[in-house]
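J.: My structure is below; once you've seen it, I'll send some questions.
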Amino acid sequence: MAKLLESLKNWLHTEAAPVYPYPAVDIRLSKKLKLHIVGSIHMGTENMFPLSEILLEKLNQADALIVESDITDMRSPFTAGENAHVPLQERLTATEYALLLSHCQEIHQEPTQFDSLPSWQVALILQATQAQCLGLHGRYGIDYQLLCNAQSQQKKIIELEGIDTQIELLLTLPEEGLALLRDTLVHWRTNARSLQTMISWWLDFQPNNDVTLPKTFSDEVYHILMEQRNQAWSTKLRSLPDGYYVVAVGALHLFGDGSLVDHLRN
């Protein structure tokens, strides 16, 4: 019977689900290849520091920490673009531009400063600034804290992509990421609520509660930024040497349609 249960767990590619005080899933890809996958939030609040002792112990036991990219690398991923850009007022509809003006006023930014930037970069700046205005900071982000802990004990760090690859991906977005900017403007309030939800998961996680997040991407953007990356990460994780790994990916990659967990279990 014991051998039968062991075979069944291998077939399901998942361990019996323990309860953690934070969003996480244990996946076993083979008898000797195990993953502890954490739903990270890249910016956090001061009361999210320090990390759970349970998670820190998982990291201590791990052969390596796996992250989307090493964000402790202080190099700026942005370079001065050579392409000229039309002003945002010409890229957006009148309704969208009105939203931009409203959101910029809320986060105390001058909208015309973004006219020289590609749309995807404007979207990322708006999202990060919104998070900062809500009291979030990068140094309290889950992956940043994990990276600092791993570096302090000279733990091996593996990047699923790296910052340069992420920028290359953004550069491939149609119309320089205009759809991403539009999503950011239209789903502004929903994004703010999602940030608060993800923070609550790390402060008082209730595993029996609904852990889904609203979809704030258009289908095209979701496919490129979420589904395609989840599939690529799944392939990379399956190719790892035998061992035990802590994996930190954005919470949006952990839950929802076409999630990383779905790809690993399939």
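Letters for chains follow the order of the structure tokens (A, B, ...), residue numbers begin at 1 for each chain, and ligand numbers begin at 1 in the order shown.
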Give me, as JSON, numbers by chain, all polymer residues having an atom no more than 12 Å from A:Gln89, counting only C-alpha atoms and skipping those fewer than 3 positions away in the same chain.

T.: {"A": [85, 86, 92, 93, 94, 95, 96, 97, 98, 99, 100, 101, 111, 112, 114, 115, 116, 119]}

J.: Can you spit out the residues from that selection as a tab-separated table (two decimals), in the first residue's frame, using N, CA and C atoms?

T.:
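Here's the written file out.tsv:
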```tsv
chain	number	residue	atom	x	y	z
A	85	HIS	N	8.82	58.95	-30.08
A	85	HIS	CA	7.48	58.53	-29.71
A	85	HIS	C	6.52	59.70	-29.83
A	86	VAL	N	5.33	59.41	-30.32
A	86	VAL	CA	4.32	60.46	-30.38
A	86	VAL	C	3.83	60.71	-28.96
A	92	LEU	N	-3.42	57.61	-27.11
A	92	LEU	CA	-4.58	57.17	-26.34
A	92	LEU	C	-5.85	57.82	-26.86
A	93	THR	N	-6.98	57.17	-26.56
A	93	THR	CA	-8.26	57.81	-26.84
A	93	THR	C	-8.48	58.94	-25.84
A	94	ALA	N	-9.47	59.76	-26.09
A	94	ALA	CA	-9.76	60.87	-25.18
A	94	ALA	C	-10.11	60.35	-23.79
A	95	THR	N	-10.86	59.25	-23.73
A	95	THR	CA	-11.23	58.66	-22.44
A	95	THR	C	-10.01	58.13	-21.71
A	96	GLU	N	-9.14	57.45	-22.44
A	96	GLU	CA	-7.93	56.90	-21.83
A	96	GLU	C	-7.00	58.00	-21.35
A	97	TYR	N	-6.88	59.05	-22.14
A	97	TYR	CA	-5.99	60.14	-21.73
A	97	TYR	C	-6.54	60.86	-20.50
A	98	ALA	N	-7.85	60.96	-20.41
A	98	ALA	CA	-8.45	61.54	-19.21
A	98	ALA	C	-8.13	60.69	-17.98
A	99	LEU	N	-8.13	59.38	-18.15
A	99	LEU	CA	-7.75	58.50	-17.05
A	99	LEU	C	-6.28	58.72	-16.68
A	100	LEU	N	-5.43	58.86	-17.68
A	100	LEU	CA	-4.01	59.11	-17.42
A	100	LEU	C	-3.83	60.38	-16.60
A	101	LEU	N	-4.51	61.44	-16.99
A	101	LEU	CA	-4.39	62.70	-16.26
A	101	LEU	C	-4.86	62.54	-14.82
A	111	PRO	N	2.18	64.25	-16.37
A	111	PRO	CA	1.97	63.30	-17.47
A	111	PRO	C	2.86	63.54	-18.68
A	112	THR	N	3.21	64.79	-18.98
A	112	THR	CA	4.00	65.05	-20.18
A	112	THR	C	5.41	64.49	-20.10
A	114	PHE	N	6.17	61.60	-19.61
A	114	PHE	CA	6.15	60.24	-20.16
A	114	PHE	C	6.06	60.23	-21.68
A	115	ASP	N	5.93	61.39	-22.31
A	115	ASP	CA	5.70	61.42	-23.75
A	115	ASP	C	6.85	60.81	-24.55
A	116	SER	N	8.06	60.87	-24.01
A	116	SER	CA	9.23	60.38	-24.74
A	116	SER	C	9.49	58.90	-24.52
A	119	SER	N	5.24	52.91	-24.51
A	119	SER	CA	4.04	52.73	-23.69
A	119	SER	C	4.24	51.71	-22.58
```

J.: What lies within 9 Å of A:Gly256 using only C-alpha atoms, ignoring chain neighbours under 3 positions off, as a VMD selection string?

T.: chain A and resid 212 to 215 252 to 253 259 262

J.: Create the file for the chosen residues now, containing N, CA, C and O atoms and written as a compact mmCIF listing (two decimals), in the first residue's frame.

T.:
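Okay, part.txt is ready:
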```
# COMPACT_ATOMS: atom_id res chain seq x y z
N THR A 212 -7.91 33.61 -5.66
CA THR A 212 -7.86 34.08 -7.03
C THR A 212 -7.77 35.61 -7.06
O THR A 212 -8.18 36.29 -6.13
N LEU A 213 -7.20 36.11 -8.13
CA LEU A 213 -7.09 37.54 -8.35
C LEU A 213 -7.82 37.91 -9.63
O LEU A 213 -7.85 37.12 -10.58
N PRO A 214 -8.39 39.10 -9.69
CA PRO A 214 -9.09 39.51 -10.92
C PRO A 214 -8.11 39.65 -12.07
O PRO A 214 -6.95 40.02 -11.89
N LYS A 215 -8.58 39.35 -13.26
CA LYS A 215 -7.75 39.46 -14.45
C LYS A 215 -7.75 40.91 -14.90
O LYS A 215 -8.79 41.49 -15.22
N LEU A 252 0.65 36.37 -9.32
CA LEU A 252 -0.22 36.22 -10.49
C LEU A 252 0.17 34.99 -11.32
O LEU A 252 -0.67 34.44 -12.03
N HIS A 253 1.42 34.56 -11.22
CA HIS A 253 1.87 33.38 -11.96
C HIS A 253 1.49 32.09 -11.22
O HIS A 253 1.50 31.02 -11.82
N SER A 259 -1.63 28.87 -15.13
CA SER A 259 -0.62 29.22 -14.13
C SER A 259 0.61 28.31 -14.24
O SER A 259 0.58 27.26 -14.90
N ASP A 262 -0.23 24.92 -12.97
CA ASP A 262 -0.98 24.12 -13.96
C ASP A 262 -0.01 23.48 -14.96
O ASP A 262 -0.14 22.29 -15.27
```

J.: Which residue gives the smallest distance to A:Gln130 among A:Leu185, A:Ala179, A:Val19, A:Leu147, with only C-alpha atoms counted?

T.: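 Comparing A:Leu185, A:Ala179, A:Val19, A:Leu147 against A:Gln130, the winner is A:Leu185.
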
J.: Have a look at A:Asp183, A:Glu68, A:Asp26, A:Asp204 and name the one nearest to A:Val249; count only C-alpha atoms.

T.: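 Under the stated criterion, the closest residue is A:Glu68.
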
J.: Kindly give the distance, in Å, that separates atom CA of A:Val246 and atom CA of A:Leu260, rounded to a single decimal.

T.: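 Separating atom CA of A:Val246 from atom CA of A:Leu260 is a distance of 14.2 Å.
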
J.: Could you give me, as a list in words, the residues within 10 Å of A:Ile142, counting only C-alpha atoms and dropping anything in the same chain fewer than 5 positions from it?

T.: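 The residues that qualify are Val38, Gly39, Ser40, Ile41, His42, Met43, Gly44, Met48, Phe49, Pro50, Leu51, Leu147, Trp202, Ala248, Val249 and Gly250 of chain A.
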
J.: Measuring atom to atom with only C-alpha atoms, identify which of A:Ile157, A:Leu181, A:Ile167, A:Ala64 is nearest to A:Ile125.

T.: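 The shortest atom-to-atom distance to A:Ile125 comes from A:Leu181.
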
J.: Using DSSP on the backbone coordinates, identify the residues of stretch 8-194 of chain A assigned to strand (DSSP E); present them as a ChimeraX atom specification.

T.: /A:24-30,33-40,64-67,156-159
